[in-house]
Amino acid sequence: MRRLIRSGSSFESEIGYSRAVVCGDWIFVSGTSGFDYRTMEISDDVVEQAEQCIKNIEWALAQAGSSFSDIVRVHYIVPDRDDFEPCWPVLRRFFGDARPAATMLSAGLADRRMKIEIEVTAFKAKSAG
C-alpha cells in the first residue's frame, strides 16, 4: 500500500512531489526546509530554520502514524557547512533518543533563503499481538 502525504507547501505542487510517502511500514519524508508551510515564510536564522524543519517533519510523521522514535535514517543538507554545528543542540533534542544513521552534506538548496534541509526515513514496525 502506498499513501501520499501533502503539507500544502507550494513547492510540492510546483515541483511535483509529496511531503512524505508511506509504503507499508516505511515512511519516507522528503527533504524538508525551514519554511512555515502555512505562511510560506522562513527565518534568516539557521537554528530557527532547523526548529521549523523539525516541526514540519513531526507533522508529516504524525500524519503517517509515526514519530521521531521510528526514524532510522536522516540526511542533513546545508549550503554552508559552518551553519551545521549551531544546529546540533536542536538536532540532538529530537533525534538523540532514536540515534538514526545520519549523513550531513553541503550543497546548494532550491531556494537561496534555505540554510538547512532535513530528510528522514522511518520504519514503523507493526505491533506484536
# chains A, B, ... in the order shown; residues from 1 in each chain; ligands from 1
call {"tool": "residues_around", "arguments": {"residues": "A:Met114", "least_positions_apart": "4", "cutoff": "7 Å", "atoms": "only C-alpha atoms", "output": "PyMOL selection string"}}
result
chain A and resi 33-34+109
call {"tool": "write_last_selection", "arguments": {"atoms": "C-alpha atoms", "output": "compact mmCIF listing (two decimals), in the first residue's frame"}}
result
# COMPACT_ATOMS: atom_id res chain seq x y z
CA SER A 33 13.08 23.07 4.77
CA GLY A 34 12.57 25.70 7.43
CA LEU A 109 19.32 24.19 -1.97
call {"tool": "residues_around", "arguments": {"residues": "stretch 100-104 of chain A", "least_positions_apart": "2", "cutoff": "7 Å", "atoms": "only C-alpha atoms", "output": "VMD selection string"}}
result
chain A and resid 71 to 77 98 106
call {"tool": "residues_around", "arguments": {"residues": "A:Glu48", "least_positions_apart": "2", "cutoff": "12 Å", "atoms": "only C-alpha atoms", "output": "list in words"}}
result
Ser33, Gly34, Phe35, Asp36, Glu41, Ile42, Ser43, Asp44, Asp45, Val46, Ala50, Glu51, Gln52, Cys53, Ile54, Lys55, Asp83, Pro86, Cys87, Pro89, Val90, Leu91, Met114, Lys115 and Ile116 of chain A
call {"tool": "select_by_dssp", "arguments": {"residues": "chain A", "states": "alpha helix (DSSP H)", "output": "list in words"}}
result
Ser10, Phe11, Val46, Val47, Glu48, Gln49, Ala50, Glu51, Gln52, Cys53, Ile54, Lys55, Asn56, Ile57, Glu58, Trp59, Ala60, Leu61, Ala62, Gln63, Trp88, Pro89, Val90, Leu91, Arg92, Arg93, Phe94 and Phe95 of chain A
call {"tool": "write_last_selection", "arguments": {"atoms": "N, CA and C atoms", "output": "compact mmCIF listing (two decimals), in the first residue's frame"}}
result
# COMPACT_ATOMS: atom_id res chain seq x y z
N SER A 10 3.64 25.12 -1.37
CA SER A 10 3.55 25.40 -2.80
C SER A 10 4.64 24.65 -3.57
N PHE A 11 5.77 24.35 -2.92
CA PHE A 11 6.84 23.62 -3.60
C PHE A 11 6.35 22.25 -4.06
N VAL A 46 19.61 30.13 10.92
CA VAL A 46 19.71 28.70 10.62
C VAL A 46 19.14 27.84 11.75
N VAL A 47 19.33 28.23 13.00
CA VAL A 47 18.81 27.43 14.12
C VAL A 47 17.28 27.48 14.12
N GLU A 48 16.72 28.65 13.87
CA GLU A 48 15.25 28.75 13.77
C GLU A 48 14.74 27.94 12.58
N GLN A 49 15.48 27.93 11.49
CA GLN A 49 15.09 27.10 10.35
C GLN A 49 15.12 25.62 10.72
N ALA A 50 16.15 25.21 11.45
CA ALA A 50 16.23 23.80 11.88
C ALA A 50 15.03 23.44 12.75
N GLU A 51 14.66 24.32 13.66
CA GLU A 51 13.47 24.10 14.51
C GLU A 51 12.22 23.93 13.66
N GLN A 52 12.06 24.78 12.63
CA GLN A 52 10.87 24.68 11.78
C GLN A 52 10.92 23.42 10.94
N CYS A 53 12.11 23.03 10.47
CA CYS A 53 12.24 21.75 9.74
C CYS A 53 11.69 20.62 10.61
N ILE A 54 12.09 20.62 11.87
CA ILE A 54 11.67 19.58 12.81
C ILE A 54 10.15 19.59 12.97
N LYS A 55 9.56 20.77 13.13
CA LYS A 55 8.10 20.87 13.26
C LYS A 55 7.42 20.31 12.01
N ASN A 56 7.96 20.63 10.84
CA ASN A 56 7.39 20.14 9.59
C ASN A 56 7.50 18.62 9.48
N ILE A 57 8.64 18.08 9.87
CA ILE A 57 8.86 16.63 9.85
C ILE A 57 7.95 15.95 10.87
N GLU A 58 7.85 16.53 12.05
CA GLU A 58 7.00 15.96 13.10
C GLU A 58 5.55 15.86 12.61
N TRP A 59 5.08 16.91 11.93
CA TRP A 59 3.72 16.90 11.38
C TRP A 59 3.56 15.77 10.36
N ALA A 60 4.51 15.64 9.44
CA ALA A 60 4.43 14.60 8.41
C ALA A 60 4.44 13.21 9.03
N LEU A 61 5.30 12.99 10.01
CA LEU A 61 5.35 11.69 10.68
C LEU A 61 4.02 11.39 11.38
N ALA A 62 3.45 12.38 12.03
CA ALA A 62 2.17 12.18 12.72
C ALA A 62 1.08 11.79 11.72
N GLN A 63 1.08 12.41 10.53
CA GLN A 63 0.10 12.06 9.51
C GLN A 63 0.25 10.60 9.08
N TRP A 88 23.28 21.61 16.09
CA TRP A 88 23.42 20.35 16.81
C TRP A 88 22.53 20.23 18.04
N PRO A 89 22.42 21.25 18.90
CA PRO A 89 21.54 21.08 20.07
C PRO A 89 20.09 20.80 19.69
N VAL A 90 19.59 21.45 18.65
CA VAL A 90 18.22 21.20 18.19
C VAL A 90 18.11 19.78 17.67
N LEU A 91 19.04 19.36 16.84
CA LEU A 91 19.00 18.03 16.25
C LEU A 91 19.12 16.95 17.31
N ARG A 92 20.00 17.14 18.27
CA ARG A 92 20.19 16.18 19.35
C ARG A 92 18.90 16.04 20.18
N ARG A 93 18.21 17.17 20.40
CA ARG A 93 16.97 17.14 21.19
C ARG A 93 15.92 16.25 20.54
N PHE A 94 15.84 16.24 19.23
CA PHE A 94 14.80 15.47 18.55
C PHE A 94 15.25 14.10 18.06
N PHE A 95 16.52 13.98 17.67
CA PHE A 95 17.00 12.71 17.13
C PHE A 95 17.86 11.92 18.12
call {"tool": "closest_residue", "arguments": {"among": "A:Pro79, A:Gly65, A:Gly16, A:Gly31", "to": "A:Ala125", "atoms": "only C-alpha atoms"}}
result
A:Gly65
call {"tool": "select_by_dssp", "arguments": {"residues": "chain A", "states": "strand (DSSP E)", "output": "PyMOL selection string"}}
result
chain A and resi 2-5+20-23+26-32+71-78+101-106+117-123
call {"tool": "atom_distance", "arguments": {"atom1": "atom CA of A:Ala122", "atom2": "atom CA of A:Arg19"}}
result
13.5 Å
call {"tool": "closest_residue", "arguments": {"among": "A:Ile27, A:Met40, A:Ala107, A:Val78", "to": "A:Val120", "atoms": "only C-alpha atoms"}}
result
A:Ile27
call {"tool": "closest_residue", "arguments": {"among": "A:Thr121, A:Ser30, A:Ser18, A:Thr39", "to": "A:Ser69", "atoms": "only C-alpha atoms"}}
result
A:Thr121
call {"tool": "atom_distance", "arguments": {"atom1": "atom CA of A:Ala20", "atom2": "atom CA of A:Ile5"}}
result
5.0 Å
call {"tool": "atom_distance", "arguments": {"atom1": "atom CA of A:Gly96", "atom2": "atom CA of A:Ala110"}}
result
27.8 Å
call {"tool": "closest_residue", "arguments": {"among": "A:Asp82, A:Ser67, A:Met1, A:Arg99", "to": "A:Val22", "atoms": "only C-alpha atoms"}}
result
A:Met1
call {"tool": "closest_residue", "arguments": {"among": "A:Lys124, A:Phe28, A:Asp70, A:Tyr17", "to": "A:Asp97", "atoms": "only C-alpha atoms"}}
result
A:Asp70
